[in-house]
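*Asks:* The structure under discussion is supplied below as structure tokens; questions concerning it will follow.
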Amino acid sequence: MRNYQTYLLLIVTFFTLFTSPIFASDIEYSYVPKKVYEKQVFPISFLSTSSQKERITFQFADREPVIKDAVIIKNGAKTFYTFYFKTTERLFQIPSITITLKGKKIELDGVKIPVESLGKRENFSGVIASGLKIKSYQASVYDERTNLITISIEAHDANLEDIYVSDAIKDGVEKIKRTGSKIEGDYHIVLPSEQSKLTFSYFDTMKDKFIDKKIPISIDDGSVAAQTDLNPKDDSFEILKKYTLIGLITILVLLFLWKRDFFYLIVAVIAAIILLTFYTPLSKVCIKAGSALYILPTPNSTISLYTDQRFSTTELGERDEYHKIEYTNGIIGWIKDEDICKN
């Protein structure tokens, strides 16, 4: 009997010395914010000192992180696992957290984080971030009375999907991509054509204050020209330019026939190309009733309206399966191939 007890003690001692069982001390909270704001995206981090090579899995009771997989950072013997969460409740809480490694489970106590509301601010866009920058922006004519501004934004720890500017007649967010703390996306906003700048603010959690962003609205000449060409009958100067080009081409051809100088022919060809490029009548297309009119030619684009009846209109351009058209009251947008009448 004594030999059996001695043998059992040796086995226990061996596994104690040469294996690494998972204890609660092997993983713990590294960072939990003391407070968050409503709709804020924020991190919760865990620190692991386990020497195990197997992947650790996390289960959050009654909660799902914004991104399923953790952001993992290794620093020597320490490994940090960070998840991002978002809340709209007055109290953010996770009842419990179950961590699994090599078939063993650890139960960590849940967390409770108070949620505060930000004070009202007139130009607040609803975005809360630890940093936000405007990568690029572009303004173009949307219709006779409005302009479309597309803003490419990059932010960290941000709820970019909630952005809204009170000046907007229409708006929407597309191409949202979240990688760890970083989020990128394109914000499209339709504003009155007389508005010369766009101002909005976001709340910076690092600086603990509102930060203003200002964008000047300037329509380039190409956009203005494209809009003018939609209604050439309303512009007598366009008619004058058209017939001036025709007259110039005629004179150049006559000079070539008389002088036999190819210089006149080359200039005549260039003038003819300009004439055909800018003054060739645009083709007509038939659009089905109930068709969606998109702001941009992309699958996730915001729908500006639905057509109320079948109609024919000018086709202004084409990109992949989308066609750029002019709707009533000078409204411009994109419709899909499937919305073009077949007969």
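We label chains A, B, ... in the order they appear in the structure tokens, count residues from 1 in each chain, and number ligands from 1 in the order shown.
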With only C-alpha atoms as the counted atoms, please give the residues lying no more than 9 Å from A:Ile217, apart from itself and same-chain residues fewer than 4 positions off, as a PDB file with all heavy atoms, in the first residue's frame.
*Replies:*
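Everything below was put into out_19.pdb:
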ATOM      1  N   GLN A 138     -14.067  65.015 -52.449  1.00  0.00           N
ATOM      2  CA  GLN A 138     -14.341  65.465 -53.811  1.00  0.00           C
ATOM      3  C   GLN A 138     -15.772  65.971 -53.881  1.00  0.00           C
ATOM      4  O   GLN A 138     -16.687  65.360 -53.323  1.00  0.00           O
ATOM      5  CB  GLN A 138     -14.137  64.321 -54.806  1.00  0.00           C
ATOM      6  CG  GLN A 138     -14.358  64.728 -56.256  1.00  0.00           C
ATOM      7  CD  GLN A 138     -14.097  63.581 -57.223  1.00  0.00           C
ATOM      8  OE1 GLN A 138     -13.845  62.462 -56.794  1.00  0.00           O
ATOM      9  NE2 GLN A 138     -14.161  63.855 -58.510  1.00  0.00           N
ATOM     10  N   ALA A 139     -15.955  67.082 -54.555  1.00  0.00           N
ATOM     11  CA  ALA A 139     -17.284  67.662 -54.733  1.00  0.00           C
ATOM     12  C   ALA A 139     -17.665  67.618 -56.203  1.00  0.00           C
ATOM     13  O   ALA A 139     -16.833  67.854 -57.082  1.00  0.00           O
ATOM     14  CB  ALA A 139     -17.305  69.103 -54.227  1.00  0.00           C
ATOM     15  N   ASN A 147     -25.184  69.711 -54.584  1.00  0.00           N
ATOM     16  CA  ASN A 147     -23.882  69.115 -54.892  1.00  0.00           C
ATOM     17  C   ASN A 147     -23.684  67.852 -54.060  1.00  0.00           C
ATOM     18  O   ASN A 147     -24.233  67.731 -52.958  1.00  0.00           O
ATOM     19  CB  ASN A 147     -22.745  70.097 -54.585  1.00  0.00           C
ATOM     20  CG  ASN A 147     -22.766  71.306 -55.496  1.00  0.00           C
ATOM     21  OD1 ASN A 147     -23.137  71.212 -56.666  1.00  0.00           O
ATOM     22  ND2 ASN A 147     -22.377  72.457 -54.964  1.00  0.00           N
ATOM     23  N   ILE A 149     -20.879  65.615 -52.134  1.00  0.00           N
ATOM     24  CA  ILE A 149     -19.518  65.629 -51.590  1.00  0.00           C
ATOM     25  C   ILE A 149     -19.201  64.224 -51.079  1.00  0.00           C
ATOM     26  O   ILE A 149     -19.964  63.650 -50.292  1.00  0.00           O
ATOM     27  CB  ILE A 149     -19.365  66.660 -50.447  1.00  0.00           C
ATOM     28  CG1 ILE A 149     -19.536  68.086 -50.992  1.00  0.00           C
ATOM     29  CG2 ILE A 149     -17.994  66.553 -49.800  1.00  0.00           C
ATOM     30  CD1 ILE A 149     -20.933  68.556 -51.106  1.00  0.00           C
ATOM     31  N   GLN A 195     -24.050  76.217 -50.721  1.00  0.00           N
ATOM     32  CA  GLN A 195     -23.214  76.029 -49.531  1.00  0.00           C
ATOM     33  C   GLN A 195     -21.752  75.903 -49.951  1.00  0.00           C
ATOM     34  O   GLN A 195     -21.394  75.032 -50.740  1.00  0.00           O
ATOM     35  CB  GLN A 195     -23.659  74.788 -48.751  1.00  0.00           C
ATOM     36  CG  GLN A 195     -22.964  74.625 -47.410  1.00  0.00           C
ATOM     37  CD  GLN A 195     -23.665  73.606 -46.518  1.00  0.00           C
ATOM     38  OE1 GLN A 195     -24.863  73.363 -46.651  1.00  0.00           O
ATOM     39  NE2 GLN A 195     -22.922  73.007 -45.600  1.00  0.00           N
ATOM     40  N   SER A 196     -20.898  76.759 -49.409  1.00  0.00           N
ATOM     41  CA  SER A 196     -19.505  76.826 -49.849  1.00  0.00           C
ATOM     42  C   SER A 196     -18.538  76.046 -48.961  1.00  0.00           C
ATOM     43  O   SER A 196     -17.373  75.878 -49.315  1.00  0.00           O
ATOM     44  CB  SER A 196     -19.049  78.286 -49.912  1.00  0.00           C
ATOM     45  OG  SER A 196     -19.156  78.893 -48.631  1.00  0.00           O
ATOM     46  N   LYS A 197     -18.993  75.574 -47.804  1.00  0.00           N
ATOM     47  CA  LYS A 197     -18.118  74.772 -46.947  1.00  0.00           C
ATOM     48  C   LYS A 197     -18.954  73.853 -46.063  1.00  0.00           C
ATOM     49  O   LYS A 197     -20.130  74.118 -45.796  1.00  0.00           O
ATOM     50  CB  LYS A 197     -17.212  75.655 -46.087  1.00  0.00           C
ATOM     51  CG  LYS A 197     -17.940  76.472 -45.039  1.00  0.00           C
ATOM     52  CD  LYS A 197     -16.945  77.277 -44.198  1.00  0.00           C
ATOM     53  CE  LYS A 197     -17.674  78.116 -43.146  1.00  0.00           C
ATOM     54  NZ  LYS A 197     -16.736  78.881 -42.302  1.00  0.00           N
ATOM     55  N   LEU A 198     -18.328  72.779 -45.644  1.00  0.00           N
ATOM     56  CA  LEU A 198     -18.966  71.806 -44.754  1.00  0.00           C
ATOM     57  C   LEU A 198     -18.178  71.760 -43.457  1.00  0.00           C
ATOM     58  O   LEU A 198     -16.958  71.570 -43.466  1.00  0.00           O
ATOM     59  CB  LEU A 198     -18.983  70.422 -45.410  1.00  0.00           C
ATOM     60  CG  LEU A 198     -19.419  69.249 -44.525  1.00  0.00           C
ATOM     61  CD1 LEU A 198     -20.862  69.422 -44.077  1.00  0.00           C
ATOM     62  CD2 LEU A 198     -19.243  67.926 -45.264  1.00  0.00           C
TER      63      LEU A 198
END
*Asks:* For A:Tyr37, please output as JSON, numbers by chain all residues within 7 Å (counting only C-alpha atoms; exclusion window: fewer than 2 positions along the same chain).
*Replies:* {"A": [39, 40, 115, 116, 117, 118]}
*Asks:* Limited to all heavy atoms, could you put the picked residues into a file as a compact mmCIF listing (two decimals), in the first residue's frame?
*Replies:*
# COMPACT_ATOMS: atom_id res chain seq x y z
N LYS A 39 -22.72 54.85 -27.88
CA LYS A 39 -22.33 54.51 -29.26
C LYS A 39 -20.82 54.52 -29.47
O LYS A 39 -20.35 54.40 -30.60
CB LYS A 39 -23.00 55.44 -30.27
CG LYS A 39 -24.51 55.30 -30.33
CD LYS A 39 -25.09 56.13 -31.46
CE LYS A 39 -26.60 55.96 -31.53
NZ LYS A 39 -27.19 56.73 -32.65
N GLN A 40 -20.04 54.63 -28.42
CA GLN A 40 -18.58 54.60 -28.55
C GLN A 40 -18.09 53.18 -28.82
O GLN A 40 -18.61 52.21 -28.26
CB GLN A 40 -17.92 55.13 -27.28
CG GLN A 40 -16.40 55.12 -27.32
CD GLN A 40 -15.77 55.58 -26.02
OE1 GLN A 40 -16.44 56.14 -25.16
NE2 GLN A 40 -14.48 55.34 -25.86
N VAL A 115 -22.06 54.10 -18.83
CA VAL A 115 -22.15 54.74 -20.15
C VAL A 115 -22.70 56.15 -19.97
O VAL A 115 -23.76 56.34 -19.39
CB VAL A 115 -23.05 53.94 -21.10
CG1 VAL A 115 -23.15 54.62 -22.46
CG2 VAL A 115 -22.53 52.51 -21.26
N GLU A 116 -21.96 57.13 -20.47
CA GLU A 116 -22.37 58.52 -20.34
C GLU A 116 -22.81 59.09 -21.68
O GLU A 116 -22.40 58.60 -22.74
CB GLU A 116 -21.21 59.36 -19.77
CG GLU A 116 -20.78 58.95 -18.38
CD GLU A 116 -19.72 59.87 -17.81
OE1 GLU A 116 -19.36 60.86 -18.51
OE2 GLU A 116 -19.24 59.62 -16.69
N SER A 117 -23.62 60.12 -21.63
CA SER A 117 -24.05 60.81 -22.85
C SER A 117 -23.23 62.08 -23.01
O SER A 117 -22.91 62.76 -22.03
CB SER A 117 -25.54 61.17 -22.77
OG SER A 117 -26.33 60.01 -22.73
N LEU A 118 -22.89 62.38 -24.25
CA LEU A 118 -22.16 63.61 -24.52
C LEU A 118 -23.12 64.80 -24.53
O LEU A 118 -24.29 64.66 -24.89
CB LEU A 118 -21.47 63.52 -25.89
CG LEU A 118 -20.25 62.60 -25.96
CD1 LEU A 118 -19.84 62.40 -27.41
CD2 LEU A 118 -19.09 63.19 -25.16
*Asks:* Of the residues A:Thr205, A:Ser291, A:Gln93, A:Ser301, which is the one nearest to A:Asp337, using only C-alpha atoms?
*Replies:*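 Under the stated criterion, the closest residue is A:Ser291.
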*Asks:* Can you tell me which residues surround stretch 77-79 of chain A at a distance of at most 12 Å, considering only C-alpha atoms, apart from same-chain residues fewer than 4 positions away, and format the answer as a PyMOL selection string?
*Replies:* chain A and resi 26-30+45-53+55-56+70-73
*Asks:* For the residues selected in the previous step, produce a file with all heavy atoms as a compact mmCIF listing (two decimals), in the first residue's frame.
*Replies:*
# COMPACT_ATOMS: atom_id res chain seq x y z
N ASP A 26 -2.88 32.88 -15.14
CA ASP A 26 -2.23 32.87 -16.45
C ASP A 26 -2.83 33.90 -17.39
O ASP A 26 -2.22 34.26 -18.39
CB ASP A 26 -2.31 31.48 -17.08
CG ASP A 26 -1.35 30.51 -16.42
OD1 ASP A 26 -0.29 30.96 -15.97
OD2 ASP A 26 -1.69 29.32 -16.34
N ILE A 27 -4.04 34.33 -17.15
CA ILE A 27 -4.69 35.32 -18.00
C ILE A 27 -5.57 36.22 -17.14
O ILE A 27 -6.24 35.76 -16.22
CB ILE A 27 -5.51 34.65 -19.12
CG1 ILE A 27 -5.96 35.69 -20.14
CG2 ILE A 27 -6.67 33.84 -18.59
CD1 ILE A 27 -6.33 35.11 -21.48
N GLU A 28 -5.51 37.50 -17.44
CA GLU A 28 -6.24 38.47 -16.63
C GLU A 28 -6.57 39.68 -17.48
O GLU A 28 -6.09 39.82 -18.61
CB GLU A 28 -5.39 38.88 -15.43
CG GLU A 28 -4.07 39.51 -15.83
CD GLU A 28 -3.15 39.77 -14.65
OE1 GLU A 28 -3.38 39.19 -13.58
OE2 GLU A 28 -2.20 40.56 -14.83
N TYR A 29 -7.38 40.56 -16.93
CA TYR A 29 -7.68 41.80 -17.63
C TYR A 29 -6.44 42.68 -17.69
O TYR A 29 -5.70 42.82 -16.71
CB TYR A 29 -8.79 42.57 -16.90
CG TYR A 29 -10.16 41.96 -17.04
CD1 TYR A 29 -10.74 41.29 -15.96
CD2 TYR A 29 -10.88 42.07 -18.22
CE1 TYR A 29 -12.00 40.73 -16.07
CE2 TYR A 29 -12.14 41.51 -18.33
CZ TYR A 29 -12.70 40.84 -17.26
OH TYR A 29 -13.94 40.29 -17.38
N SER A 30 -6.21 43.26 -18.86
CA SER A 30 -5.11 44.20 -19.01
C SER A 30 -5.63 45.64 -19.03
O SER A 30 -5.03 46.54 -18.47
CB SER A 30 -4.33 43.91 -20.29
OG SER A 30 -3.40 44.92 -20.57
N SER A 45 -8.95 44.69 -23.08
CA SER A 45 -7.76 43.88 -23.35
C SER A 45 -7.51 42.87 -22.24
O SER A 45 -7.84 43.11 -21.07
CB SER A 45 -6.53 44.78 -23.50
OG SER A 45 -6.67 45.64 -24.61
N PHE A 46 -6.90 41.76 -22.65
CA PHE A 46 -6.52 40.70 -21.72
C PHE A 46 -5.03 40.42 -21.85
O PHE A 46 -4.47 40.52 -22.94
CB PHE A 46 -7.31 39.42 -22.01
CG PHE A 46 -8.80 39.60 -21.94
CD1 PHE A 46 -9.51 40.03 -23.06
CD2 PHE A 46 -9.50 39.37 -20.77
CE1 PHE A 46 -10.88 40.21 -23.00
CE2 PHE A 46 -10.87 39.55 -20.70
CZ PHE A 46 -11.56 39.97 -21.83
N LEU A 47 -4.42 40.06 -20.74
CA LEU A 47 -3.00 39.74 -20.71
C LEU A 47 -2.82 38.27 -20.36
O LEU A 47 -3.35 37.79 -19.36
CB LEU A 47 -2.28 40.61 -19.68
CG LEU A 47 -0.84 40.19 -19.32
CD1 LEU A 47 0.07 40.28 -20.54
CD2 LEU A 47 -0.31 41.05 -18.19
N SER A 48 -2.07 37.57 -21.21
CA SER A 48 -1.77 36.16 -20.96
C SER A 48 -0.27 36.00 -20.76
O SER A 48 0.53 36.52 -21.53
CB SER A 48 -2.24 35.29 -22.13
OG SER A 48 -1.78 33.96 -21.97
N THR A 49 0.09 35.26 -19.72
CA THR A 49 1.50 34.93 -19.47
C THR A 49 1.74 33.44 -19.63
O THR A 49 2.79 32.93 -19.25
CB THR A 49 1.91 35.37 -18.05
OG1 THR A 49 1.03 34.76 -17.10
CG2 THR A 49 1.84 36.88 -17.91
N SER A 50 0.76 32.75 -20.21
CA SER A 50 0.89 31.30 -20.39
C SER A 50 1.92 30.99 -21.47
O SER A 50 2.04 31.69 -22.48
CB SER A 50 -0.47 30.70 -20.80
OG SER A 50 -0.32 29.35 -21.17
N SER A 51 2.67 29.92 -21.26
CA SER A 51 3.67 29.49 -22.24
C SER A 51 3.07 28.56 -23.28
O SER A 51 3.77 28.10 -24.17
CB SER A 51 4.84 28.79 -21.52
OG SER A 51 4.36 27.65 -20.82
N GLN A 52 1.78 28.27 -23.15
CA GLN A 52 1.13 27.38 -24.10
C GLN A 52 1.10 28.01 -25.48
O GLN A 52 0.90 29.22 -25.63
CB GLN A 52 -0.31 27.08 -23.64
CG GLN A 52 -0.40 26.35 -22.30
CD GLN A 52 0.00 24.89 -22.41
OE1 GLN A 52 0.07 24.35 -23.50
NE2 GLN A 52 0.27 24.26 -21.29
N LYS A 53 1.29 27.20 -26.52
CA LYS A 53 1.30 27.69 -27.89
C LYS A 53 -0.07 27.63 -28.54
O LYS A 53 -0.28 28.19 -29.60
CB LYS A 53 2.30 26.87 -28.73
CG LYS A 53 3.73 26.90 -28.20
CD LYS A 53 4.31 28.30 -28.21
CE LYS A 53 5.76 28.31 -27.76
NZ LYS A 53 6.32 29.68 -27.71
N ARG A 55 -3.99 28.17 -29.46
CA ARG A 55 -4.79 29.39 -29.59
C ARG A 55 -5.79 29.49 -28.45
O ARG A 55 -6.45 28.52 -28.08
CB ARG A 55 -5.54 29.37 -30.93
CG ARG A 55 -6.37 30.60 -31.22
CD ARG A 55 -6.87 30.55 -32.65
NE ARG A 55 -7.72 31.68 -32.96
CZ ARG A 55 -9.04 31.66 -32.84
NH1 ARG A 55 -9.65 30.56 -32.41
NH2 ARG A 55 -9.76 32.72 -33.15
N ILE A 56 -5.90 30.68 -27.90
CA ILE A 56 -6.86 30.93 -26.83
C ILE A 56 -8.17 31.41 -27.45
O ILE A 56 -8.17 32.23 -28.37
CB ILE A 56 -6.32 32.00 -25.85
CG1 ILE A 56 -5.04 31.50 -25.19
CG2 ILE A 56 -7.36 32.34 -24.79
CD1 ILE A 56 -4.42 32.51 -24.25
N ALA A 70 -9.65 38.61 -31.99
CA ALA A 70 -8.90 39.57 -31.17
C ALA A 70 -7.72 40.14 -31.94
O ALA A 70 -7.17 39.49 -32.83
CB ALA A 70 -8.42 38.90 -29.89
N VAL A 71 -7.34 41.35 -31.57
CA VAL A 71 -6.07 41.91 -32.04
C VAL A 71 -5.00 41.41 -31.06
O VAL A 71 -5.07 41.68 -29.87
CB VAL A 71 -6.12 43.45 -32.05
CG1 VAL A 71 -4.75 44.01 -32.45
CG2 VAL A 71 -7.20 43.94 -32.99
N ILE A 72 -4.03 40.67 -31.58
CA ILE A 72 -3.03 40.01 -30.72
C ILE A 72 -1.69 40.71 -30.85
O ILE A 72 -1.19 40.93 -31.95
CB ILE A 72 -2.89 38.52 -31.10
CG1 ILE A 72 -4.25 37.81 -30.99
CG2 ILE A 72 -1.85 37.84 -30.21
CD1 ILE A 72 -4.23 36.38 -31.49
N ILE A 73 -1.13 41.07 -29.71
CA ILE A 73 0.19 41.71 -29.67
C ILE A 73 1.06 40.94 -28.68
O ILE A 73 0.69 40.75 -27.52
CB ILE A 73 0.10 43.18 -29.23
CG1 ILE A 73 -0.74 43.98 -30.24
CG2 ILE A 73 1.49 43.79 -29.11
CD1 ILE A 73 -0.98 45.41 -29.84
*Asks:* Determine which residues of stretch 1-234 of chain A receive a DSSP assignment of strand (DSSP E), computed from the backbone, and state them as a ChimeraX atom specification.
*Replies:* /A:27-31,36-37,41-48,57-60,71-75,78-86,91-101,104-116,124-129,131-141,146-156,170-179,182-192,197-204,209-216
*Asks:* Taking the DSSP secondary structure from the backbone, can you list the residues of stretch 2-223 of chain A that are helix (DSSP H, G or I), as a list in words?
*Replies:* Arg2, Asn3, Tyr4, Gln5, Thr6, Tyr7, Leu8, Leu9, Leu10, Ile11, Val12, Thr13, Phe14, Phe15, Thr16, Leu17, Phe18, Ala24, Ser25, Asp26, Leu160, Glu161, Asp162, Asp221, Gly222 and Ser223 of chain A
*Asks:* Would you please work out which residue, of A:Phe124, A:Tyr31, A:Trp334, A:Phe58, is nearest to A:Leu101 when using only C-alpha atoms?
*Replies:* A:Phe58
*Asks:* Given only C-alpha atoms as the basis, pick out the residue of A:Lys284, A:Lys175, A:Lys133, A:Lys120 nearest to A:Phe210.
*Replies:*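 Among the listed residues, the smallest separation from A:Phe210 belongs to A:Lys120.
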*Asks:* Please, what distance in Å, to one decimal, runs between atom CA of A:Lys209 and atom CA of A:Ile67?
*Replies:*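 Taking atom CA of A:Lys209 and atom CA of A:Ile67, their separation equals 26.5 Å.
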